[in-house]
$ cat my_file_7.txt   # compact mmCIF, C-alpha atoms
# COMPACT_ATOMS: atom_id res chain seq x y z
CA MET A 1 79.76 180.02 94.53
CA ASP A 2 79.74 180.07 90.73
CA PHE A 3 82.12 177.43 89.34
CA ARG A 4 81.60 178.35 85.68
CA LEU A 5 84.59 179.89 83.94
CA THR A 6 84.29 183.56 83.08
CA ASP A 7 85.14 184.91 79.63
CA ASP A 8 88.39 186.32 81.02
CA GLN A 9 89.37 182.97 82.54
CA ILE A 10 88.67 181.18 79.26
CA ALA A 11 90.74 183.78 77.39
CA LEU A 12 93.60 183.33 79.87
CA GLN A 13 93.62 179.57 79.45
CA THR A 14 93.28 179.73 75.66
CA GLY A 15 96.02 182.31 75.27
CA LEU A 16 98.46 180.35 77.39
CA ARG A 17 97.71 177.12 75.52
CA GLU A 18 98.39 178.84 72.20
CA LEU A 19 101.66 180.25 73.54
CA LEU A 20 102.80 176.84 74.77
CA GLU A 21 101.80 175.05 71.57
CA GLY A 22 103.81 177.55 69.56
CA ARG A 23 106.87 177.73 71.82
CA PHE A 24 107.09 174.28 73.44
CA GLY A 25 105.66 171.81 70.98
CA PRO A 26 106.81 168.20 70.47
CA GLU A 27 110.01 169.20 68.67
CA ARG A 28 111.21 171.51 71.42
CA LEU A 29 110.19 169.00 74.08
CA ARG A 30 112.33 166.31 72.44
CA ALA A 31 115.18 168.80 72.02
CA ALA A 32 115.03 169.58 75.74
CA VAL A 33 115.14 165.86 76.56
CA ALA A 34 118.10 165.37 74.21
CA GLY A 35 119.91 168.30 75.82
CA ALA A 36 119.28 166.95 79.31
CA GLY A 37 120.51 163.52 78.27
CA SER A 38 123.77 164.94 76.94
CA GLY A 39 124.32 167.06 80.03
CA ALA A 40 124.31 170.22 77.93
CA ASP A 41 121.12 171.68 79.44
CA ASP A 42 121.10 170.39 83.01
CA ASP A 43 120.76 173.91 84.43
CA GLY A 44 118.62 175.39 81.64
CA LEU A 45 115.01 176.39 82.10
CA PRO A 46 113.17 176.10 78.78
CA LEU A 47 110.59 178.82 78.13
CA TRP A 48 111.28 180.52 81.48
CA SER A 49 111.53 184.09 80.16
CA GLU A 50 108.45 183.63 77.98
CA LEU A 51 106.40 182.29 80.89
CA SER A 52 107.57 185.12 83.12
CA ASP A 53 106.70 187.74 80.50
CA ALA A 54 103.29 186.10 80.00
CA GLY A 55 102.60 186.60 83.72
CA LEU A 56 102.39 182.96 84.78
CA PHE A 57 104.32 183.51 88.00
CA SER A 58 102.78 186.90 88.83
CA LEU A 59 99.09 186.13 88.27
CA ARG A 60 98.39 186.29 92.02
CA LYS A 61 100.88 189.05 92.81
CA PRO A 62 99.12 192.29 93.80
CA GLU A 63 98.89 195.03 91.22
CA ARG A 64 101.17 198.03 91.70
CA SER A 65 100.39 201.01 89.54
CA GLY A 66 103.41 202.56 87.88
CA GLN A 67 105.75 199.69 88.85
CA ARG A 68 107.13 197.21 86.37
CA GLU A 69 107.22 194.34 88.84
CA GLY A 70 103.56 194.47 89.80
CA GLY A 71 101.29 191.48 89.24
CA LEU A 72 97.82 190.94 87.87
CA GLY A 73 96.06 190.70 91.22
CA LEU A 74 94.14 187.53 90.32
CA GLY A 75 93.43 184.50 92.51
CA LEU A 76 94.12 180.81 92.79
CA ALA A 77 91.12 180.14 90.55
CA GLU A 78 93.02 181.71 87.66
CA ALA A 79 96.37 180.26 88.71
CA VAL A 80 95.15 176.65 88.58
CA LEU A 81 93.78 177.22 85.07
CA ALA A 82 97.17 178.46 83.94
CA PHE A 83 99.03 175.63 85.64
CA GLU A 84 96.74 173.08 84.00
CA GLU A 85 98.01 174.32 80.65
CA VAL A 86 101.65 174.26 81.72
CA GLY A 87 101.21 170.72 83.03
CA ARG A 88 99.59 169.70 79.76
CA ALA A 89 102.59 171.05 77.82
CA LEU A 90 105.10 169.20 80.07
CA VAL A 91 107.09 172.38 80.63
CA PRO A 92 109.90 171.45 83.05
CA GLY A 93 111.34 173.42 85.93
CA PRO A 94 110.43 174.53 89.47
CA LEU A 95 107.18 176.11 88.32
CA VAL A 96 105.24 175.96 91.57
CA ALA A 97 108.09 177.09 93.81
CA THR A 98 108.78 180.04 91.50
CA GLU A 99 105.12 181.10 91.60
CA LEU A 100 105.07 180.90 95.39
CA ALA A 101 108.30 182.88 95.70
CA THR A 102 107.02 185.52 93.28
CA VAL A 103 103.79 185.97 95.25
CA HIS A 104 105.12 185.63 98.81
CA ALA A 105 108.82 186.56 98.61
CA SER A 106 108.92 189.19 95.81
CA LEU A 107 111.08 187.10 93.50
CA PRO A 108 112.18 189.31 90.55
CA PRO A 109 110.99 188.44 87.02
CA HIS A 110 112.85 185.84 84.94
CA ARG A 111 114.33 184.20 88.05
CA ALA A 112 113.64 180.72 89.40
CA ALA A 113 113.07 179.56 92.97
CA GLY A 114 113.12 176.21 94.71
CA LEU A 115 111.45 174.90 97.85
CA CYS A 116 112.56 172.45 100.49
CA ARG A 117 110.41 171.69 103.53
CA ARG A 118 112.17 171.25 106.82
CA GLN A 119 111.52 167.77 108.17
CA PRO A 120 112.73 165.61 111.06
CA ALA A 121 115.95 163.66 110.66
CA GLY A 122 115.55 160.19 109.20
CA ARG A 123 112.64 161.11 106.93
CA GLY A 124 114.64 160.60 103.73
CA PRO A 125 116.96 162.80 101.65
CA LEU A 126 116.24 166.45 100.99
CA LEU A 127 116.02 166.87 97.22
CA VAL A 128 115.98 170.17 95.32
CA GLU A 129 115.16 170.52 91.64
CA ARG A 130 117.66 172.36 89.40
CA LEU A 131 119.62 173.82 92.31
CA PRO A 132 122.30 175.63 90.21
CA ALA A 133 119.61 177.54 88.29
CA LEU A 134 117.84 178.89 91.40
CA ALA A 135 118.00 182.45 92.71
CA VAL A 136 116.42 181.64 96.08
CA LEU A 137 115.25 178.64 98.09
CA LEU A 138 112.14 178.73 100.27
CA LEU A 139 112.26 176.75 103.52
CA PRO A 140 108.76 176.24 104.97
CA ASP A 141 108.47 174.59 108.38
CA THR A 142 104.91 173.31 108.73
CA LEU A 143 105.50 172.49 112.42
CA THR A 144 106.41 176.04 113.49
CA GLY A 145 104.54 177.81 110.70
CA GLU A 146 107.62 179.78 109.69
CA VAL A 147 108.92 180.26 106.16
CA ARG A 148 112.53 181.26 105.57
CA SER A 149 114.48 182.09 102.43
CA LEU A 150 118.00 181.01 101.66
CA SER A 151 120.59 181.56 98.96
CA PRO A 152 121.22 178.25 97.16
CA SER A 153 124.96 178.93 97.32
CA ALA A 154 124.78 178.34 101.09
CA LEU A 155 123.95 174.66 100.55
CA ARG A 156 126.23 171.70 100.09
CA ALA A 157 124.63 169.32 97.62
CA ARG A 158 125.43 166.64 95.09
CA GLY A 159 123.62 165.75 91.90
CA ARG A 160 121.26 162.79 91.87
CA ARG A 161 119.74 161.08 88.87
CA GLY A 162 115.96 161.36 88.82
CA VAL A 163 113.32 159.36 87.00
CA ASP A 164 112.39 162.31 84.76
CA PRO A 165 115.18 163.42 82.39
CA LEU A 166 113.87 166.99 82.56
CA THR A 167 113.85 167.13 86.37
CA PRO A 168 117.50 167.02 87.50
CA LEU A 169 117.81 166.75 91.27
CA TRP A 170 120.36 167.70 93.91
CA GLU A 171 120.53 166.07 97.34
CA VAL A 172 121.27 168.45 100.20
CA GLN A 173 124.24 167.36 102.31
CA GLY A 174 124.17 168.16 106.01
CA PRO A 175 121.63 170.26 107.93
CA LEU A 176 119.77 173.13 106.32
CA PRO A 177 121.01 176.62 107.29
CA ASP A 178 118.58 178.85 109.13
CA GLY A 179 118.01 181.35 106.34
CA GLU A 180 116.13 184.65 106.59
CA LEU A 181 112.64 184.75 108.07
CA LEU A 182 109.84 185.87 105.73
CA PRO A 183 107.45 187.83 107.98
CA GLY A 184 103.75 187.34 107.47
CA VAL A 185 104.05 184.16 105.40
CA ASP A 186 102.37 181.07 106.87
CA ALA A 187 104.07 177.76 106.08
CA GLY A 188 100.83 175.78 106.21
CA ARG A 189 99.12 178.07 103.74
CA LEU A 190 102.19 178.11 101.47
CA TRP A 191 102.34 174.32 101.49
CA ALA A 192 98.63 174.02 100.73
CA GLU A 193 98.86 176.44 97.82
CA GLY A 194 101.87 174.57 96.43
CA THR A 195 100.02 171.26 96.72
CA LEU A 196 97.01 172.70 94.86
CA LEU A 197 99.12 174.12 92.03
CA THR A 198 100.91 170.79 91.71
CA ALA A 199 97.52 169.06 91.49
CA ALA A 200 96.63 171.47 88.67
CA LEU A 201 99.80 170.41 86.83
CA GLN A 202 98.70 166.78 87.23
CA VAL A 203 95.24 167.56 85.84
CA GLY A 204 96.80 169.12 82.76
CA LEU A 205 99.08 166.13 82.32
CA ALA A 206 96.13 163.74 82.70
CA GLY A 207 94.23 165.67 80.04
CA ARG A 208 97.16 165.33 77.67
CA ALA A 209 97.31 161.60 78.36
CA VAL A 210 93.63 161.26 77.40
CA ALA A 211 94.07 163.28 74.20
CA THR A 212 97.23 161.37 73.24
CA ALA A 213 95.62 157.97 73.80
CA VAL A 214 92.45 158.86 71.90
CA GLY A 215 94.42 160.34 69.02
CA TYR A 216 96.58 157.24 68.71
CA ALA A 217 93.57 154.93 68.96
CA LYS A 218 91.98 156.71 66.00
CA GLN A 219 94.99 156.37 63.69
CA ARG A 220 96.56 153.02 64.68
CA GLU A 221 94.97 150.15 62.76
CA GLN A 222 94.82 146.44 63.49
CA PHE A 223 92.77 143.79 61.68
CA GLY A 224 91.71 146.38 59.12
CA GLN A 225 90.24 148.95 61.50
CA PRO A 226 91.39 151.55 64.05
CA ILE A 227 92.17 150.06 67.45
CA GLY A 228 89.71 152.58 68.91
CA ALA A 229 86.94 150.42 67.50
CA PHE A 230 87.78 147.67 70.01
CA GLN A 231 85.87 147.75 73.26
CA ALA A 232 88.92 147.12 75.46
CA VAL A 233 90.66 150.23 74.12
CA GLN A 234 87.45 152.26 74.40
CA HIS A 235 87.13 151.30 78.06
CA LEU A 236 90.72 152.35 78.77
CA CYS A 237 90.15 155.77 77.23
CA ALA A 238 86.78 156.21 78.94
CA ASP A 239 88.27 155.34 82.33
CA MET A 240 91.05 157.87 81.78
CA LEU A 241 88.51 160.62 81.12
CA ALA A 242 86.34 159.49 84.04
CA ARG A 243 89.30 160.00 86.39
CA THR A 244 90.44 163.28 84.88
CA GLU A 245 87.20 165.26 85.01
CA PRO A 246 86.44 164.73 88.74
CA ALA A 247 90.05 165.65 89.51
CA ARG A 248 89.73 168.83 87.47
CA ALA A 249 86.49 169.73 89.26
CA ALA A 250 88.05 169.09 92.69
CA VAL A 251 91.11 171.24 91.92
CA ARG A 252 89.05 174.13 90.62
CA ALA A 253 86.58 173.91 93.52
CA ALA A 254 89.42 174.03 96.06
CA ALA A 255 90.87 177.08 94.29
CA VAL A 256 87.51 178.89 94.35
CA GLY A 257 87.19 178.04 98.03
CA ALA A 258 90.64 179.44 98.74
CA ASP A 259 89.78 182.71 97.02
CA ALA A 260 86.51 182.85 98.99
CA GLY A 261 88.40 182.76 102.29
CA VAL A 262 87.98 179.15 103.41
CA PRO A 263 90.14 178.69 106.55
CA THR A 264 93.52 177.03 105.96
CA ALA A 265 92.71 173.95 108.06
CA GLU A 266 89.53 173.21 106.12
CA LEU A 267 91.12 174.20 102.83
CA SER A 268 94.04 171.82 103.38
CA VAL A 269 91.62 168.89 103.60
CA GLU A 270 89.90 169.90 100.36
CA ILE A 271 93.27 170.28 98.64
CA ALA A 272 94.42 166.89 99.93
CA GLY A 273 91.41 165.25 98.30
CA ALA A 274 92.02 167.15 95.07
CA LYS A 275 95.69 166.13 95.03
CA LEU A 276 94.81 162.47 95.52
CA LEU A 277 92.35 162.56 92.63
CA ALA A 278 94.78 164.45 90.39
CA ASP A 279 97.68 162.10 91.16
CA GLN A 280 95.54 159.08 90.38
CA ALA A 281 94.25 160.63 87.15
CA ALA A 282 97.77 161.51 85.99
CA VAL A 283 99.67 158.36 86.98
CA ARG A 284 97.01 155.85 85.98
CA GLY A 285 96.17 157.90 82.91
CA ALA A 286 99.79 157.88 81.75
CA ARG A 287 99.98 154.13 82.33
CA ASP A 288 96.78 153.54 80.37
CA CYS A 289 98.04 155.81 77.60
CA LEU A 290 101.15 153.68 77.40
CA GLN A 291 98.94 150.58 77.28
CA VAL A 292 96.96 152.00 74.36
CA HIS A 293 100.22 152.62 72.49
CA GLY A 294 101.32 149.02 73.05
CA GLY A 295 104.99 148.26 72.41
CA MET A 296 105.48 151.66 70.77
CA GLY A 297 104.72 153.34 74.09
CA PHE A 298 107.82 151.83 75.68
CA THR A 299 110.23 153.29 73.11
CA TRP A 300 112.38 156.36 73.71
CA GLU A 301 111.11 157.87 70.44
CA ALA A 302 107.55 158.15 71.78
CA ASP A 303 106.64 160.89 74.27
CA VAL A 304 104.40 158.63 76.35
CA HIS A 305 107.13 157.67 78.80
CA LEU A 306 107.68 161.37 79.57
CA LEU A 307 104.06 161.63 80.73
CA LEU A 308 104.45 158.80 83.20
CA LYS A 309 107.82 159.98 84.51
CA ARG A 310 106.58 163.52 85.07
CA ALA A 311 103.42 162.22 86.75
CA TRP A 312 105.61 160.27 89.17
CA VAL A 313 107.59 163.42 89.95
CA TYR A 314 104.49 165.50 90.66
CA GLU A 315 102.96 162.68 92.68
CA GLY A 316 105.78 163.04 95.20
CA SER A 317 105.89 166.84 95.08
CA PHE A 318 104.52 168.85 98.00
CA ALA A 319 101.90 166.71 99.77
CA GLY A 320 102.36 163.22 98.35
CA THR A 321 99.90 160.34 98.53
CA PRO A 322 100.60 159.24 102.14
CA GLU A 323 100.43 162.78 103.53
CA SER A 324 97.33 163.71 101.52
CA ALA A 325 95.54 160.49 102.45
CA GLU A 326 96.32 160.98 106.14
CA LEU A 327 95.17 164.60 106.07
CA LEU A 328 91.96 163.71 104.24
CA ALA A 329 91.20 160.83 106.60
CA GLU A 330 91.77 163.06 109.62
CA GLY A 331 89.49 165.73 108.18
CA LEU A 332 86.74 163.26 107.41
CA SER A 333 87.07 161.73 110.88
CA VAL A 334 86.71 165.11 112.57
CA ALA A 335 83.73 165.98 110.37
CA GLY A 336 82.13 162.62 111.10
CA LEU A 337 82.58 162.97 114.85
CA GLY A 338 81.11 166.45 114.78
CA HIS A 339 78.11 165.28 112.79
CA GLY A 340 77.59 162.27 115.03
CA ALA A 341 77.83 164.29 118.24
CA GLY A 342 75.13 166.62 116.97
CA HIS A 343 72.75 163.73 116.39
CA GLY A 344 73.46 161.65 119.46
CA VAL A 345 75.31 158.92 117.56
CA GLY A 346 78.88 159.97 118.28
CA HIS A 347 79.77 156.64 119.88
CA LEU A 348 79.90 153.01 118.76
$ encode --input "my_file_7.txt" --output "structure tokens"
Amino acid sequence: MDFRLTDDQIALQTGLRELLEGRFGPERLRAAVAGAGSGADDDGLPLWSELSDAGLFSLRKPERSGQREGGLGLGLAEAVLAFEEVGRALVPGPLVATELATVHASLPPHRAAGLCRRQPAGRGPLLVERLPALAVLLLPDTLTGEVRSLSPSALRARGRRGVDPLTPLWEVQGPLPDGELLPGVDAGRLWAEGTLLTAALQVGLAGRAVATAVGYAKQREQFGQPIGAFQAVQHLCADMLARTEPARAAVRAAAVGADAGVPTAELSVEIAGAKLLADQAAVRGARDCLQVHGGMGFTWEADVHLLLKRAWVYEGSFAGTPESAELLAEGLSVAGLGHGAGHGVGHL
């Protein structure tokens, strides 16, 4: 496998970054936060039409000649590059669920989708992001392998306050309706793809945390010199980068493996490891970025707190830390037993 980016992949990533910098820069980000805080934009989806027109959600959708709603026919390798950029820009909304619904459930352009995994009773509340703005809700059941779709209007739900001001949540009341079966869609594969795309968002966020911390360390002065001249600050920034780059490599490697046809069971283990690395890079990176900013990082006027809050949201999205760690440990255990049995050391 060749893990180097092609010219087309670099052009895709560069073009999307330029679009996001021009359409969702710091001013529009703060305006979105202010609108969410006032309740005026709770159901809005900033930049949604622009992202849809740019092809973010239809990158992996098959091409259809002569049809307006065809996709680009690319793979997960390209999708994770695009989602890195969206994560870096802190664009809010059900990005991953909309991409999955576009690819697997033929969601029309400019619409948004949500996702809620069926789980046993007593496992905590069922939370859906931006429920009033959704056109469809995907219901994967990783126990049966089925994926169903449901109209959000069929749910009873109440608003809940989330940690991220740009991620309003609704808690589902009562049992989930059955919904309509999506034939040919495997819940395990859907869940793995969603976990990988969420990890890509975390990698982009971690990269922004590194750039923000380094930029501030260069301009903030103490004792007559930039704080970046102090070894303690240098170590914080270096550690942030040292966590981000392995996470980026793991996410991209898992995406290349998925496009190469790695079986879902093996792929899920690779994605679990990538998600763990990406979550650590994003959450710890945001915390270290806040540390570099000192007291300024704790203020509402700074954007640093938005990095940490969004990293917390993504950390619990799709396969969270406990699920990913368990899946990775199980995969490593099976691999270890297989290796040991082949060499006569499969017992203690």
$ residues_around --input "my_file_7.txt" --residues "range 86-100 of chain A" --least-positions-apart "5" --cutoff "9 Å" --atoms "only C-alpha atoms" --output "PyMOL selection string"
chain A and resi 16-17+20-21+24-26+29+44-48+56-60+105+107+111-115+129-130+134+137-138+166-167+190+193-195+197-198+200-209+306-307+310
$ write_last_selection --input "my_file_7.txt" --atoms "C-alpha atoms" --output "PDB file, in the coordinates of the input"
ATOM      1  CA  LEU A  16      98.460 180.350  77.390  1.00  0.00           C
ATOM      2  CA  ARG A  17      97.710 177.120  75.520  1.00  0.00           C
ATOM      3  CA  LEU A  20     102.800 176.840  74.770  1.00  0.00           C
ATOM      4  CA  GLU A  21     101.800 175.050  71.570  1.00  0.00           C
ATOM      5  CA  PHE A  24     107.090 174.280  73.440  1.00  0.00           C
ATOM      6  CA  GLY A  25     105.660 171.810  70.980  1.00  0.00           C
ATOM      7  CA  PRO A  26     106.810 168.200  70.470  1.00  0.00           C
ATOM      8  CA  LEU A  29     110.190 169.000  74.080  1.00  0.00           C
ATOM      9  CA  GLY A  44     118.620 175.390  81.640  1.00  0.00           C
ATOM     10  CA  LEU A  45     115.010 176.390  82.100  1.00  0.00           C
ATOM     11  CA  PRO A  46     113.170 176.100  78.780  1.00  0.00           C
ATOM     12  CA  LEU A  47     110.590 178.820  78.130  1.00  0.00           C
ATOM     13  CA  TRP A  48     111.280 180.520  81.480  1.00  0.00           C
ATOM     14  CA  LEU A  56     102.390 182.960  84.780  1.00  0.00           C
ATOM     15  CA  PHE A  57     104.320 183.510  88.000  1.00  0.00           C
ATOM     16  CA  SER A  58     102.780 186.900  88.830  1.00  0.00           C
ATOM     17  CA  LEU A  59      99.090 186.130  88.270  1.00  0.00           C
ATOM     18  CA  ARG A  60      98.390 186.290  92.020  1.00  0.00           C
ATOM     19  CA  ALA A 105     108.820 186.560  98.610  1.00  0.00           C
ATOM     20  CA  LEU A 107     111.080 187.100  93.500  1.00  0.00           C
ATOM     21  CA  ARG A 111     114.330 184.200  88.050  1.00  0.00           C
ATOM     22  CA  ALA A 112     113.640 180.720  89.400  1.00  0.00           C
ATOM     23  CA  ALA A 113     113.070 179.560  92.970  1.00  0.00           C
ATOM     24  CA  GLY A 114     113.120 176.210  94.710  1.00  0.00           C
ATOM     25  CA  LEU A 115     111.450 174.900  97.850  1.00  0.00           C
ATOM     26  CA  GLU A 129     115.160 170.520  91.640  1.00  0.00           C
ATOM     27  CA  ARG A 130     117.660 172.360  89.400  1.00  0.00           C
ATOM     28  CA  LEU A 134     117.840 178.890  91.400  1.00  0.00           C
ATOM     29  CA  LEU A 137     115.250 178.640  98.090  1.00  0.00           C
ATOM     30  CA  LEU A 138     112.140 178.730 100.270  1.00  0.00           C
ATOM     31  CA  LEU A 166     113.870 166.990  82.560  1.00  0.00           C
ATOM     32  CA  THR A 167     113.850 167.130  86.370  1.00  0.00           C
ATOM     33  CA  LEU A 190     102.190 178.110 101.470  1.00  0.00           C
ATOM     34  CA  GLU A 193      98.860 176.440  97.820  1.00  0.00           C
ATOM     35  CA  GLY A 194     101.870 174.570  96.430  1.00  0.00           C
ATOM     36  CA  THR A 195     100.020 171.260  96.720  1.00  0.00           C
ATOM     37  CA  LEU A 197      99.120 174.120  92.030  1.00  0.00           C
ATOM     38  CA  THR A 198     100.910 170.790  91.710  1.00  0.00           C
ATOM     39  CA  ALA A 200      96.630 171.470  88.670  1.00  0.00           C
ATOM     40  CA  LEU A 201      99.800 170.410  86.830  1.00  0.00           C
ATOM     41  CA  GLN A 202      98.700 166.780  87.230  1.00  0.00           C
ATOM     42  CA  VAL A 203      95.240 167.560  85.840  1.00  0.00           C
ATOM     43  CA  GLY A 204      96.800 169.120  82.760  1.00  0.00           C
ATOM     44  CA  LEU A 205      99.080 166.130  82.320  1.00  0.00           C
ATOM     45  CA  ALA A 206      96.130 163.740  82.700  1.00  0.00           C
ATOM     46  CA  GLY A 207      94.230 165.670  80.040  1.00  0.00           C
ATOM     47  CA  ARG A 208      97.160 165.330  77.670  1.00  0.00           C
ATOM     48  CA  ALA A 209      97.310 161.600  78.360  1.00  0.00           C
ATOM     49  CA  LEU A 306     107.680 161.370  79.570  1.00  0.00           C
ATOM     50  CA  LEU A 307     104.060 161.630  80.730  1.00  0.00           C
ATOM     51  CA  ARG A 310     106.580 163.520  85.070  1.00  0.00           C
TER      52      ARG A 310
END
$ closest_residue --input "my_file_7.txt" --among "A:Ala34, A:Ile10, A:Ala211, A:Ala242" --to "Glu301 in chain A" --atoms "only C-alpha atoms"
A:Ala34
$ closest_residue --input "my_file_7.txt" --among "A:Pro322, A:Gly179, A:Gly295, A:Gly285" --to "Arg243 in chain A" --atoms "all atoms listed in the file"
A:Gly285
$ residues_around --input "my_file_7.txt" --residues "range 155-158 of chain A" --least-positions-apart "5" --cutoff "8 Å" --atoms "all atoms listed in the file" --output "number ranges by chain"
A: 170-174, 176-177
$ residues_around --input "my_file_7.txt" --residues "range 2-9 of chain A" --least-positions-apart "3" --cutoff "10 Å" --atoms "all atoms listed in the file" --output "VMD selection string"
chain A and resid 12 to 15 77 to 79 81 to 82 249 252 to 253 256
$ atom_distance --input "my_file_7.txt" --atom1 "CA of Leu276 in chain A" --atom2 "CA of Pro246 in chain A"
11.0 Å
$ atom_distance --input "my_file_7.txt" --atom1 "CA of Phe223 in chain A" --atom2 "CA of His235 in chain A"
18.9 Å
$ closest_residue --input "my_file_7.txt" --among "A:Glu266, A:His293, A:Lys61, A:Gly35" --to "Gly228 in chain A" --atoms "all atoms listed in the file"
A:His293
$ atom_distance --input "my_file_7.txt" --atom1 "CA of Ala258 in chain A" --atom2 "CA of Leu126 in chain A"
28.8 Å
$ residues_around --input "my_file_7.txt" --residues "Ala325 in chain A" --least-positions-apart "3" --cutoff "9 Å" --atoms "all atoms listed in the file" --output "short mmCIF file (atom, residue, chain, number, x, y, z; two decimals) with C-alpha atoms, keeping the file's coordinate frame"
data_model
loop_
_atom_site.label_atom_id
_atom_site.label_comp_id
_atom_site.auth_asym_id
_atom_site.auth_seq_id
_atom_site.Cartn_x
_atom_site.Cartn_y
_atom_site.Cartn_z
CA ALA A 272 94.42 166.89 99.93
CA GLY A 273 91.41 165.25 98.30
CA LEU A 276 94.81 162.47 95.52
CA GLY A 320 102.36 163.22 98.35
CA THR A 321 99.90 160.34 98.53
CA PRO A 322 100.60 159.24 102.14
CA LEU A 328 91.96 163.71 104.24
CA ALA A 329 91.20 160.83 106.60
CA GLU A 330 91.77 163.06 109.62
#
$ closest_residue --input "my_file_7.txt" --among "A:Arg148, A:Ala238, A:Glu245, A:Lys275" --to "Gly184 in chain A" --atoms "all atoms listed in the file"
A:Arg148
$ residues_around --input "my_file_7.txt" --residues "Gly331 in chain A" --least-positions-apart "5" --cutoff "12 Å" --atoms "all atoms listed in the file" --output "PyMOL selection string"
chain A and resi 265-273+324-326+336-338
$ closest_residue --input "my_file_7.txt" --among "A:Val210, A:Val163, A:Val283, A:Ala199" --to "Ser317 in chain A" --atoms "all atoms listed in the file"
A:Ala199
$ closest_residue --input "my_file_7.txt" --among "A:Val136, A:Met240, A:Ala254, A:Leu182" --to "Leu76 in chain A" --atoms "all atoms listed in the file"
A:Ala254
$ axis_aligned_box --input "my_file_7.txt" --around "range 67-86 of chain A" --padding-each-side "5 Å" --output "lines of an AutoDock Vina configuration file"
center_x = 99.2
center_y = 186.4
center_z = 86.7
size_x = 26.1
size_y = 36.6
size_z = 22.1
$ build_atoms --input "my_file_7.txt" --residues "range 208-212 of chain A" --atoms "all heavy atoms" --output "PDB file, keeping the file's coordinate frame"
ATOM      1  N   ARG A 208      96.324 165.642  78.833  1.00  0.00           N
ATOM      2  CA  ARG A 208      97.160 165.330  77.670  1.00  0.00           C
ATOM      3  C   ARG A 208      97.226 163.832  77.436  1.00  0.00           C
ATOM      4  O   ARG A 208      97.234 163.373  76.283  1.00  0.00           O
ATOM      5  CB  ARG A 208      98.566 165.888  77.869  1.00  0.00           C
ATOM      6  CG  ARG A 208      99.526 165.544  76.732  1.00  0.00           C
ATOM      7  CD  ARG A 208     100.791 166.332  76.793  1.00  0.00           C
ATOM      8  NE  ARG A 208     101.712 165.985  75.717  1.00  0.00           N
ATOM      9  CZ  ARG A 208     102.718 166.745  75.314  1.00  0.00           C
ATOM     10  NH1 ARG A 208     102.920 167.927  75.885  1.00  0.00           N
ATOM     11  NH2 ARG A 208     103.511 166.366  74.339  1.00  0.00           N
ATOM     12  N   ALA A 209      97.277 163.050  78.506  1.00  0.00           N
ATOM     13  CA  ALA A 209      97.310 161.600  78.360  1.00  0.00           C
ATOM     14  C   ALA A 209      96.039 161.095  77.666  1.00  0.00           C
ATOM     15  O   ALA A 209      96.104 160.219  76.793  1.00  0.00           O
ATOM     16  CB  ALA A 209      97.468 160.928  79.725  1.00  0.00           C
ATOM     17  N   VAL A 210      94.882 161.652  78.039  1.00  0.00           N
ATOM     18  CA  VAL A 210      93.630 161.260  77.400  1.00  0.00           C
ATOM     19  C   VAL A 210      93.665 161.604  75.916  1.00  0.00           C
ATOM     20  O   VAL A 210      93.351 160.764  75.049  1.00  0.00           O
ATOM     21  CB  VAL A 210      92.429 161.957  78.075  1.00  0.00           C
ATOM     22  CG1 VAL A 210      91.145 161.654  77.310  1.00  0.00           C
ATOM     23  CG2 VAL A 210      92.287 161.510  79.524  1.00  0.00           C
ATOM     24  N   ALA A 211      94.048 162.845  75.596  1.00  0.00           N
ATOM     25  CA  ALA A 211      94.070 163.280  74.200  1.00  0.00           C
ATOM     26  C   ALA A 211      95.054 162.470  73.372  1.00  0.00           C
ATOM     27  O   ALA A 211      94.779 162.109  72.221  1.00  0.00           O
ATOM     28  CB  ALA A 211      94.417 164.767  74.131  1.00  0.00           C
ATOM     29  N   THR A 212      96.211 162.145  73.955  1.00  0.00           N
ATOM     30  CA  THR A 212      97.230 161.370  73.240  1.00  0.00           C
ATOM     31  C   THR A 212      96.736 159.955  72.964  1.00  0.00           C
ATOM     32  O   THR A 212      96.901 159.424  71.857  1.00  0.00           O
ATOM     33  CB  THR A 212      98.530 161.328  74.056  1.00  0.00           C
ATOM     34  OG1 THR A 212      98.995 162.666  74.270  1.00  0.00           O
ATOM     35  CG2 THR A 212      99.608 160.544  73.324  1.00  0.00           C
TER      36      THR A 212
END
